[in-house]
Amino acid sequence: MTTSNKSRCCYQSENVYCTEDYFSKGKNASEDSKLRFETYQLIWQQMKSETERLQEELNKNLFDSLIEFLQTSHSGLWKNSEDWSSEIKLREIPTAALILGVNVTDHDLTLRSLTEVLQNNVTPYVVSLQAKDCPDMKHFLQKLVSQLMDCKVDVQSKEKESVQVIQKNVHYSMDSLSAWYMSVTQKTDPKMPRKKRTFSSQWHSPPVVLILKDMESFTTKVLQDFIIISSQHLHEFPLILIFGIATSPVVIHRLLPHAVSSLLCIELFQSLSCKEHLTTVLDKLLLTTQFPFKLSEKVLQILTNIFLYHDFSIQNFIKGLQLSLLEHFYSQPLSVLCCNLPEAKRRTHFLSANQCENIRQKYIFSISCKRVGEETQSLLENLHVYHTNYFLVLRCLHQFTSFLPKYPLGRQIRELYCMCLEKNIWDSEEYASVLQLLRLLAKDELMAMLQNCFKVFQSSSAKELGNTAKKIEEFLAQFQSLDAETKEEEDTSQSQSKGLQKTDLYHLQKSLLEMKELRSTSKRQTKFEVLREQVVSFVDSLVREYLLPPDTQPLHETLYFSSAHTLRQHLNAAPRIALHTALNNPYYYLKNEALRSEEGCIPNVAPDICIAYKLHLECSRLINLVDWSEAFATVVTAAEKMDANSVTSEERNEVIHARFIRAVSELELLGFIKPTKQKTDHVARLTWGGC
Amino acid sequence: MTSTLELKEDKMLKVQFVGDDDVLNHILDREGGPKIKKDRAQLLVNTQKIIKKPENELEEDDQEVLKDQNYVEVLGQDVQESLKNGSATDGGNKVYPFQNRKHPEKMAKLASELAKTPGKSVSLNKNDPEITIDIPQCSKGHSASDKSQLKNNDKSEFLSTAPRGLRKRLIVPRSHSDSESEYSASNSEDDEGVAQEYEEDTNEDILSQKIQAQNRVVSAPVCRGTPSKKMKRKKTSHLVEEYFEAHSSSKVLTSDRTLQKLKRAKLDQQTLHNLLSKVSPSFSAELKQLNQQHEQLFHKWMLQLHLGFNIVLYGLGSKRNLLERFRTTMLQDCIHIVINGFFPGISVKSILNSVTEVLDHMGTFRSVLDQLEWITNKFKEDSSLELFLLIHNLDSQMLRGDKSQQIIGQLSSLRNIYLIASIDHLNAPLMWDHAKQSLYNWLWYETTTYSHYTEETSYENSLLVKQSGSLPLSSLIHVLRSLTPNARGIFRLLIKYQLDNQDNPSYTGLCFQDFYQQCREAFLVNSDLTLRAQLTEFRDHKLIRTKKGTDGVEYLLIPVDNGILTDFLEKEEEEL
């Protein structure tokens, strides 16, 4: 047996391949793979920068209010007021409790950009600490000081590096920290470059901001000690705390006793919920014609499900999006046309014969090969127009459905989008119920919806739906005029009732019966009802015309990524199930007829480990190795009998025993069993199902 | 009343008859003892047997009733089992259900079941004892306990009587209310006494219920195919009870047989390897096809690695060769580091060391974090630097710690470090929380290879592979021969004491003072100095180990397997 060395290194640094080559060297190498890869990179860069912009935008509000808080919090500190209340305040550390939500993976990004923003706007001294770096007070201070020094280096030139190294070994205390702070602020004030003066002039000296990234996981003791100590030094070391909180603000009081939390002057800040993030990202990345790339229903479902049921992480969602983009360009030869319209049109001229043939056979078989290019162009144009209209109508429909009771078509536009992608929406029961609910709407509700729709249509410059906007405007006008009419109507009805005043009982009865009949038979609709009906049917017609599912459109496969299976496999894998399947049903992987068996059974010719596994499933918490090995031998000998081996039985038994040993140690490696001292020659089962 | 082996009488050599009294004796004896073999599952389809010989005598039939009952009881489990063996890709609850009672003999049963896989006729070979036992068993559908009965004569009695004890417990609740049927197999000892009372007057009941049970058995296969709703509901309602029942007692029921009795020596690594090399690999064509499928992905992996993803491979079978091929085909011209995670000496430190080594760094680092920071800076400064990390078994014992994973994750999150790793352990994904997962940025690839984990397990202290450090019997005897009779006596005392305490899990060793006392009483030593001198000699020969207890007292222990010690004592006595 060869003993493998621990690690093997290769020192050749020449990099022959670049990323692109791997793209084209895959299984379906075609001429334009290079182009495809470039398109992928272009689109991905665009999408990425767009998401970053969105994140920034979404966080802007939060950051602004935070900055405001930070700027005002220490202002009282330097007004030499003798006021009693400010005296009290002097002992309180200004604290911002930042509730970030459970999507822990996104916190890093948010806090990083927060640090950046603060460093640019408030103070150069921004330090962020993580719980795992600070198991005790010593490490806490150590980290704090070393990071503060680094901040310092950013502001100044790196001249002080040597000093810093010496300082690293100094015993850290709050005293030394405040002394350092004094020296730094006094020394740097005159030296400070012009632009930095802006904030240092604002206050006497800039505060020190300490961000605790994951407040919940800090040890209570460290946190308490630090707060108590630093509140003592607050007058000479203007500290501001920012707690990153994933759960709820109650956790502060759970972690800190009243004596400590009273030293904090806490203000709460709430970041936008991650669901809103998702909605915005979807809205700006997918529900738009800006990016040609689209997701099919299944893929979108998987991505949102991973988001909603696994991690709430926008970052992971974006990662999934990137992967699907990559997969699309990698596996779909026609994806070369997945770019903005003018470019795609240009590319139709360079389609390979294969691709042309492909398109021709699928969509425009009546046309000769030569004209495929032109025809494709028009198809692409149609597709583009289809999308423009699609999203407009989708938003319009969403305006109508999102306010209905019980949300039959979903509350979020992504749910509606998924449904529309899947099939003809008007065939669904939910859609029917939506129409019914719309027919029951009151006038002001309906008008508000129409107004919203009008805004949606107006915002776009699409020509096709210009009429629609006009139509909606007309409807709105009609509703308004309806107001006046109804008043008149009421007047007339009142006058009519006046005429009925002088009657005897018989006549009254008669007239009442008449009225009742009238109502039940004709049930004359008011003008409003007529109009409402018109609006509903108008919406219905819009939906039926424009919300066709994309797979009815020619060339949709150029834009839509539909391989949901791959995505799921790579993002949300299930290793345990794979393992179990491989062990339990080897036929699933090894397509050998000998391995085919009915459910729950395993043929005795299966790989050794499968047999051993199958046998061990029958055992309880402890497994007797002797029993196991005998059972194993029984199965294996039965399997081997057919081969009619000529080896002597003793030797064969030994070989079988060796195979058993191998299977058992493999199962041990896989974590199904472990050796135990509870009983001699027993192993313990580690999976459930036994006891 | 006889044992169940009647039918085999003509064929088999060893059939033991167990008298009624003996049976009763056993039951009474065992009442206080551990509840071994209480609920033996009769999973096998016993229908043939019933149909074949309905005219058997009463006791036999009684056993049938019990078997049927068990069968039906097991059916509940079977519903679950057949589900979990079902289609490959559904949920985890089918893969790992709640704990429930398993039956000690189930495994042997399944083995015989598997051995007679339909369609494969098994020829009868008189030379092979194992087969001659198996064949009739298979054809007749006898329980596996019969098999072991034949093999271990000393146990046969007890095995054959075991069902009776169970039967009684089954009967009692049934006689009270028929509706409770199959779940009535209570495990509490209290039933025992009541059971005996009821035994006589329930005989009639049994007869009538036998018919009932037979009906059930006949219909059972149908149930198995399409688990009826009623069954399922019962199953879930009892799930909770079963769970707690399964956890209520810490006693586990398994047979007491040890490898020692099997007379099969432990193999060492080399002989094991030699033996295994004789085995001709099966399904090589299919395996090759599987591997080719995986190899087609190599370019894609490279692409995705370059785009900032890291790749993790999972699935059954060693992925070492696959990664090795990946390395040779794709990474010839890149800087890469191969880390064998299964190597027992590996640590994060050594991984980082090899990275810094590649980066030509001389000198040392104060801590792992410093080193990581240095690497991070290095990679940030020089964007042309690229490094491939191949880690076999990222989930190995040495690397699975939280800190290690955090550091490797941070390493892998660097832009120009490309990580491709394999995991094998069942619970490997539990290593990573959300934060770590986002550091790793994994893309999962299932690469089931079915290759043997030869390298990976060779470092493992496997259960059945002889550890080189331990002392075999021959060397023990050899060393002891060279000692004085008194010294041998001292050692024997220690052995005996250790063997007496072998069932005591908290046994830490013999305390020196007690040992001295015993030795004095046996006239082996006259002062504790002589004993100490003797012990030093033992220690030099690695025959004993001393441990300081919590109370500061020295404890003596022989670091040799108890089985070897027993053998040794036997040999000694033979010589005397």
# chains A, B, ... in the order shown; residues from 1 in each chain; ligands from 1
call {"tool": "residues_around", "arguments": {"residues": "Lys319 of chain B", "least_positions_apart": "2", "cutoff": "8 Å", "atoms": "only C-alpha atoms", "output": "list in words"}}
result
Leu313, Gly317, Asn321, Leu322, Leu323, His392, Ser422, Thr447, Thr449 and Ser451 of chain B
call {"tool": "select_by_dssp", "arguments": {"residues": "segment 433-522 of chain B", "states": "strand (DSSP E)", "output": "PDB file with all heavy atoms, in the first residue's frame"}}
result
ATOM      1  N   TRP B 442     -20.302  27.327  -1.802  1.00  0.00           N
ATOM      2  CA  TRP B 442     -20.217  26.007  -2.429  1.00  0.00           C
ATOM      3  C   TRP B 442     -21.117  25.865  -3.651  1.00  0.00           C
ATOM      4  O   TRP B 442     -22.209  26.409  -3.692  1.00  0.00           O
ATOM      5  CB  TRP B 442     -20.669  24.925  -1.455  1.00  0.00           C
ATOM      6  CG  TRP B 442     -19.756  24.569  -0.339  1.00  0.00           C
ATOM      7  CD1 TRP B 442     -20.093  24.501   0.977  1.00  0.00           C
ATOM      8  CD2 TRP B 442     -18.392  24.193  -0.415  1.00  0.00           C
ATOM      9  NE1 TRP B 442     -19.001  24.110   1.709  1.00  0.00           N
ATOM     10  CE2 TRP B 442     -17.952  23.917   0.886  1.00  0.00           C
ATOM     11  CE3 TRP B 442     -17.475  24.059  -1.467  1.00  0.00           C
ATOM     12  CZ2 TRP B 442     -16.653  23.515   1.180  1.00  0.00           C
ATOM     13  CZ3 TRP B 442     -16.191  23.667  -1.166  1.00  0.00           C
ATOM     14  CH2 TRP B 442     -15.796  23.410   0.140  1.00  0.00           C
ATOM     15  N   LEU B 443     -20.635  25.072  -4.566  1.00  0.00           N
ATOM     16  CA  LEU B 443     -21.512  24.425  -5.546  1.00  0.00           C
ATOM     17  C   LEU B 443     -21.390  22.933  -5.267  1.00  0.00           C
ATOM     18  O   LEU B 443     -20.293  22.401  -5.190  1.00  0.00           O
ATOM     19  CB  LEU B 443     -21.074  24.716  -6.974  1.00  0.00           C
ATOM     20  CG  LEU B 443     -21.343  26.097  -7.514  1.00  0.00           C
ATOM     21  CD1 LEU B 443     -20.993  26.120  -8.991  1.00  0.00           C
ATOM     22  CD2 LEU B 443     -22.771  26.486  -7.328  1.00  0.00           C
ATOM     23  N   TRP B 444     -22.506  22.290  -5.110  1.00  0.00           N
ATOM     24  CA  TRP B 444     -22.466  20.870  -4.752  1.00  0.00           C
ATOM     25  C   TRP B 444     -22.476  20.016  -6.007  1.00  0.00           C
ATOM     26  O   TRP B 444     -23.226  20.282  -6.935  1.00  0.00           O
ATOM     27  CB  TRP B 444     -23.679  20.515  -3.910  1.00  0.00           C
ATOM     28  CG  TRP B 444     -23.745  21.248  -2.622  1.00  0.00           C
ATOM     29  CD1 TRP B 444     -24.081  22.556  -2.459  1.00  0.00           C
ATOM     30  CD2 TRP B 444     -23.466  20.750  -1.326  1.00  0.00           C
ATOM     31  NE1 TRP B 444     -24.026  22.886  -1.132  1.00  0.00           N
ATOM     32  CE2 TRP B 444     -23.660  21.789  -0.414  1.00  0.00           C
ATOM     33  CE3 TRP B 444     -23.071  19.497  -0.849  1.00  0.00           C
ATOM     34  CZ2 TRP B 444     -23.470  21.630   0.944  1.00  0.00           C
ATOM     35  CZ3 TRP B 444     -22.895  19.346   0.506  1.00  0.00           C
ATOM     36  CH2 TRP B 444     -23.083  20.402   1.390  1.00  0.00           C
ATOM     37  N   TYR B 445     -21.665  19.023  -5.992  1.00  0.00           N
ATOM     38  CA  TYR B 445     -21.683  18.068  -7.106  1.00  0.00           C
ATOM     39  C   TYR B 445     -21.765  16.664  -6.542  1.00  0.00           C
ATOM     40  O   TYR B 445     -20.967  16.285  -5.697  1.00  0.00           O
ATOM     41  CB  TYR B 445     -20.429  18.206  -7.960  1.00  0.00           C
ATOM     42  CG  TYR B 445     -20.557  19.270  -9.013  1.00  0.00           C
ATOM     43  CD1 TYR B 445     -20.206  20.580  -8.748  1.00  0.00           C
ATOM     44  CD2 TYR B 445     -21.061  18.966 -10.260  1.00  0.00           C
ATOM     45  CE1 TYR B 445     -20.348  21.571  -9.704  1.00  0.00           C
ATOM     46  CE2 TYR B 445     -21.205  19.937 -11.221  1.00  0.00           C
ATOM     47  CZ  TYR B 445     -20.847  21.242 -10.934  1.00  0.00           C
ATOM     48  OH  TYR B 445     -20.999  22.193 -11.883  1.00  0.00           O
ATOM     49  N   GLU B 446     -22.724  15.933  -7.025  1.00  0.00           N
ATOM     50  CA  GLU B 446     -22.811  14.557  -6.563  1.00  0.00           C
ATOM     51  C   GLU B 446     -21.933  13.686  -7.428  1.00  0.00           C
ATOM     52  O   GLU B 446     -22.135  13.591  -8.636  1.00  0.00           O
ATOM     53  CB  GLU B 446     -24.254  14.064  -6.635  1.00  0.00           C
ATOM     54  CG  GLU B 446     -24.345  12.655  -6.107  1.00  0.00           C
ATOM     55  CD  GLU B 446     -25.742  12.108  -6.162  1.00  0.00           C
ATOM     56  OE1 GLU B 446     -26.684  12.902  -6.244  1.00  0.00           O
ATOM     57  OE2 GLU B 446     -25.867  10.883  -6.119  1.00  0.00           O
ATOM     58  N   LEU B 510      -6.632  -1.554  39.163  1.00  0.00           N
ATOM     59  CA  LEU B 510      -6.506  -2.036  40.537  1.00  0.00           C
ATOM     60  C   LEU B 510      -5.627  -1.047  41.298  1.00  0.00           C
ATOM     61  O   LEU B 510      -4.533  -0.709  40.861  1.00  0.00           O
ATOM     62  CB  LEU B 510      -5.884  -3.425  40.514  1.00  0.00           C
ATOM     63  CG  LEU B 510      -5.597  -4.089  41.853  1.00  0.00           C
ATOM     64  CD1 LEU B 510      -6.840  -4.142  42.720  1.00  0.00           C
ATOM     65  CD2 LEU B 510      -5.067  -5.483  41.613  1.00  0.00           C
ATOM     66  N   CYS B 511      -6.114  -0.616  42.430  1.00  0.00           N
ATOM     67  CA  CYS B 511      -5.329   0.364  43.174  1.00  0.00           C
ATOM     68  C   CYS B 511      -4.146  -0.327  43.835  1.00  0.00           C
ATOM     69  O   CYS B 511      -4.216  -1.490  44.233  1.00  0.00           O
ATOM     70  CB  CYS B 511      -6.240   1.092  44.154  1.00  0.00           C
ATOM     71  SG  CYS B 511      -5.778   1.008  45.844  1.00  0.00           S
TER      72      CYS B 511
END
call {"tool": "residues_around", "arguments": {"residues": "Glu445 of chain A", "least_positions_apart": "6", "cutoff": "10 Å", "atoms": "only C-alpha atoms", "output": "list in words"}}
result
Phe400, Phe403, Leu438 and Gln451 of chain A
call {"tool": "write_last_selection", "arguments": {"atoms": "N, CA and C atoms", "output": "compact mmCIF listing (two decimals), in the first residue's frame"}}
result
# COMPACT_ATOMS: atom_id res chain seq x y z
N PHE A 400 -54.31 45.29 -9.27
CA PHE A 400 -55.68 44.89 -8.99
C PHE A 400 -55.75 43.78 -7.93
N PHE A 403 -54.69 43.96 -3.60
CA PHE A 403 -55.52 44.54 -2.53
C PHE A 403 -56.75 43.70 -2.24
N LEU A 438 -63.28 41.34 -8.10
CA LEU A 438 -63.19 42.66 -8.72
C LEU A 438 -64.60 43.21 -9.01
N GLN A 451 -56.21 54.22 -11.04
CA GLN A 451 -55.23 55.31 -11.03
C GLN A 451 -53.79 54.75 -10.99
call {"tool": "atom_distance", "arguments": {"atom1": "atom CA of Met182 of chain A", "atom2": "atom CA of Ile229 of chain A"}}
result
17.3 Å
call {"tool": "closest_residue", "arguments": {"among": "A:Lys275, A:Arg36, A:His556, A:Arg532", "to": "His387 of chain A", "atoms": "only C-alpha atoms"}}
result
A:His556
call {"tool": "closest_residue", "arguments": {"among": "A:Leu109, A:Val126, A:Val539, A:Leu559", "to": "chain B", "atoms": "only C-alpha atoms"}}
result
A:Leu109
call {"tool": "closest_residue", "arguments": {"among": "B:Tyr497, B:Phe326, B:Tyr450, B:Tyr555", "to": "chain A", "atoms": "only C-alpha atoms"}}
result
B:Tyr450
call {"tool": "closest_residue", "arguments": {"among": "B:Leu426, B:Ile408, B:Leu389, B:Ile375", "to": "chain A", "atoms": "only C-alpha atoms"}}
result
B:Leu426
call {"tool": "residues_around", "arguments": {"residues": "segment 350-364 of chain B", "least_positions_apart": "2", "cutoff": "12 Å", "atoms": "only C-alpha atoms", "output": "ChimeraX atom specification"}}
result
/A:6-13 /B:334-341,343-348,366-379,382,385-391,394,398-399,404-405,407-408,410-412,417
call {"tool": "atom_distance", "arguments": {"atom1": "atom CA of Leu210 of chain A", "atom2": "atom CA of Asp136 of chain A"}}
result
16.6 Å
call {"tool": "decode", "arguments": {"residues": "segment 397-436 of chain A", "atoms": "N, CA and C atoms", "output": "CSV table (one decimal), in the first residue's frame"}}
result
chain,number,residue,atom,x,y,z
A,397,LEU,N,-52.0,44.1,-13.4
A,397,LEU,CA,-52.8,43.0,-12.8
A,397,LEU,C,-52.4,43.0,-11.3
A,398,HIS,N,-51.2,43.1,-11.0
A,398,HIS,CA,-50.8,43.1,-9.6
A,398,HIS,C,-51.4,44.2,-8.8
A,399,GLN,N,-51.6,45.3,-9.4
A,399,GLN,CA,-52.3,46.4,-8.8
A,399,GLN,C,-53.7,46.0,-8.4
A,400,PHE,N,-54.3,45.3,-9.3
A,400,PHE,CA,-55.7,44.9,-9.0
A,400,PHE,C,-55.7,43.8,-7.9
A,401,THR,N,-54.8,42.8,-8.0
A,401,THR,CA,-55.0,41.6,-7.2
A,401,THR,C,-54.4,41.8,-5.8
A,402,SER,N,-53.4,42.7,-5.7
A,402,SER,CA,-52.7,42.8,-4.4
A,402,SER,C,-53.5,43.4,-3.3
A,403,PHE,N,-54.7,44.0,-3.6
A,403,PHE,CA,-55.5,44.5,-2.5
A,403,PHE,C,-56.7,43.7,-2.2
A,404,LEU,N,-56.9,42.6,-3.0
A,404,LEU,CA,-58.1,41.8,-2.8
A,404,LEU,C,-58.0,41.0,-1.4
A,405,PRO,N,-59.1,40.8,-0.8
A,405,PRO,CA,-59.1,40.0,0.4
A,405,PRO,C,-58.6,38.6,0.1
A,406,LYS,N,-57.8,38.1,1.0
A,406,LYS,CA,-57.2,36.8,1.0
A,406,LYS,C,-56.2,36.6,-0.2
A,407,TYR,N,-56.0,37.6,-0.9
A,407,TYR,CA,-54.9,37.5,-2.0
A,407,TYR,C,-54.9,36.2,-2.8
A,408,PRO,N,-56.0,36.0,-3.6
A,408,PRO,CA,-56.0,34.7,-4.3
A,408,PRO,C,-54.9,34.6,-5.3
A,409,LEU,N,-54.3,35.6,-5.8
A,409,LEU,CA,-53.2,35.5,-6.7
A,409,LEU,C,-51.9,35.9,-6.1
A,410,GLY,N,-51.9,35.9,-4.7
A,410,GLY,CA,-50.6,36.2,-4.1
A,410,GLY,C,-50.5,37.7,-3.7
A,411,ARG,N,-49.8,37.9,-2.7
A,411,ARG,CA,-49.6,39.3,-2.3
A,411,ARG,C,-48.5,40.0,-3.0
A,412,GLN,N,-47.4,39.2,-3.2
A,412,GLN,CA,-46.2,39.7,-3.8
A,412,GLN,C,-46.3,39.5,-5.3
A,413,ILE,N,-45.6,40.4,-6.0
A,413,ILE,CA,-45.7,40.3,-7.5
A,413,ILE,C,-44.9,39.1,-7.9
A,414,ARG,N,-44.0,38.6,-7.1
A,414,ARG,CA,-43.2,37.4,-7.5
A,414,ARG,C,-44.2,36.2,-7.6
A,415,GLU,N,-45.1,36.1,-6.7
A,415,GLU,CA,-46.0,35.0,-6.7
A,415,GLU,C,-46.9,35.0,-8.0
A,416,LEU,N,-47.4,36.2,-8.3
A,416,LEU,CA,-48.2,36.4,-9.5
A,416,LEU,C,-47.4,36.1,-10.7
A,417,TYR,N,-46.1,36.5,-10.7
A,417,TYR,CA,-45.2,36.3,-11.8
A,417,TYR,C,-45.1,34.8,-12.0
A,418,CYS,N,-44.8,34.1,-10.9
A,418,CYS,CA,-44.6,32.6,-11.0
A,418,CYS,C,-45.8,32.0,-11.7
A,419,MET,N,-47.0,32.4,-11.2
A,419,MET,CA,-48.2,31.8,-11.8
A,419,MET,C,-48.4,32.1,-13.2
A,420,CYS,N,-48.1,33.3,-13.6
A,420,CYS,CA,-48.2,33.6,-15.0
A,420,CYS,C,-47.2,32.9,-15.9
A,421,LEU,N,-46.0,32.7,-15.3
A,421,LEU,CA,-45.0,32.0,-16.1
A,421,LEU,C,-45.4,30.5,-16.3
A,422,GLU,N,-46.1,30.0,-15.3
A,422,GLU,CA,-46.4,28.6,-15.3
A,422,GLU,C,-47.3,28.2,-16.5
A,423,LYS,N,-48.5,28.9,-16.5
A,423,LYS,CA,-49.5,28.5,-17.5
A,423,LYS,C,-50.4,29.7,-17.8
A,424,ASN,N,-51.4,29.4,-18.6
A,424,ASN,CA,-52.3,30.5,-18.8
A,424,ASN,C,-53.0,30.9,-17.6
A,425,ILE,N,-52.8,32.1,-17.1
A,425,ILE,CA,-53.3,32.4,-15.8
A,425,ILE,C,-54.8,32.4,-15.8
A,426,TRP,N,-55.4,32.7,-16.9
A,426,TRP,CA,-56.9,32.8,-16.9
A,426,TRP,C,-57.6,31.4,-16.8
A,427,ASP,N,-56.8,30.4,-16.9
A,427,ASP,CA,-57.4,29.1,-16.8
A,427,ASP,C,-57.5,28.7,-15.3
A,428,SER,N,-56.9,29.4,-14.5
A,428,SER,CA,-56.8,29.0,-13.1
A,428,SER,C,-58.0,29.4,-12.3
A,429,GLU,N,-58.3,28.7,-11.3
A,429,GLU,CA,-59.5,29.0,-10.4
A,429,GLU,C,-59.3,30.3,-9.7
A,430,GLU,N,-58.0,30.5,-9.3
A,430,GLU,CA,-57.7,31.7,-8.6
A,430,GLU,C,-58.1,33.0,-9.4
A,431,TYR,N,-57.7,32.9,-10.6
A,431,TYR,CA,-58.0,34.0,-11.5
A,431,TYR,C,-59.5,34.3,-11.6
A,432,ALA,N,-60.3,33.2,-11.7
A,432,ALA,CA,-61.7,33.4,-11.8
A,432,ALA,C,-62.2,34.1,-10.5
A,433,SER,N,-61.7,33.7,-9.4
A,433,SER,CA,-62.2,34.3,-8.1
A,433,SER,C,-61.7,35.7,-8.0
A,434,VAL,N,-60.6,36.0,-8.6
A,434,VAL,CA,-60.1,37.4,-8.6
A,434,VAL,C,-61.1,38.3,-9.4
A,435,LEU,N,-61.5,37.8,-10.6
A,435,LEU,CA,-62.5,38.5,-11.4
A,435,LEU,C,-63.8,38.7,-10.6
A,436,GLN,N,-64.2,37.7,-9.9
A,436,GLN,CA,-65.4,37.8,-9.2
A,436,GLN,C,-65.3,38.9,-8.1
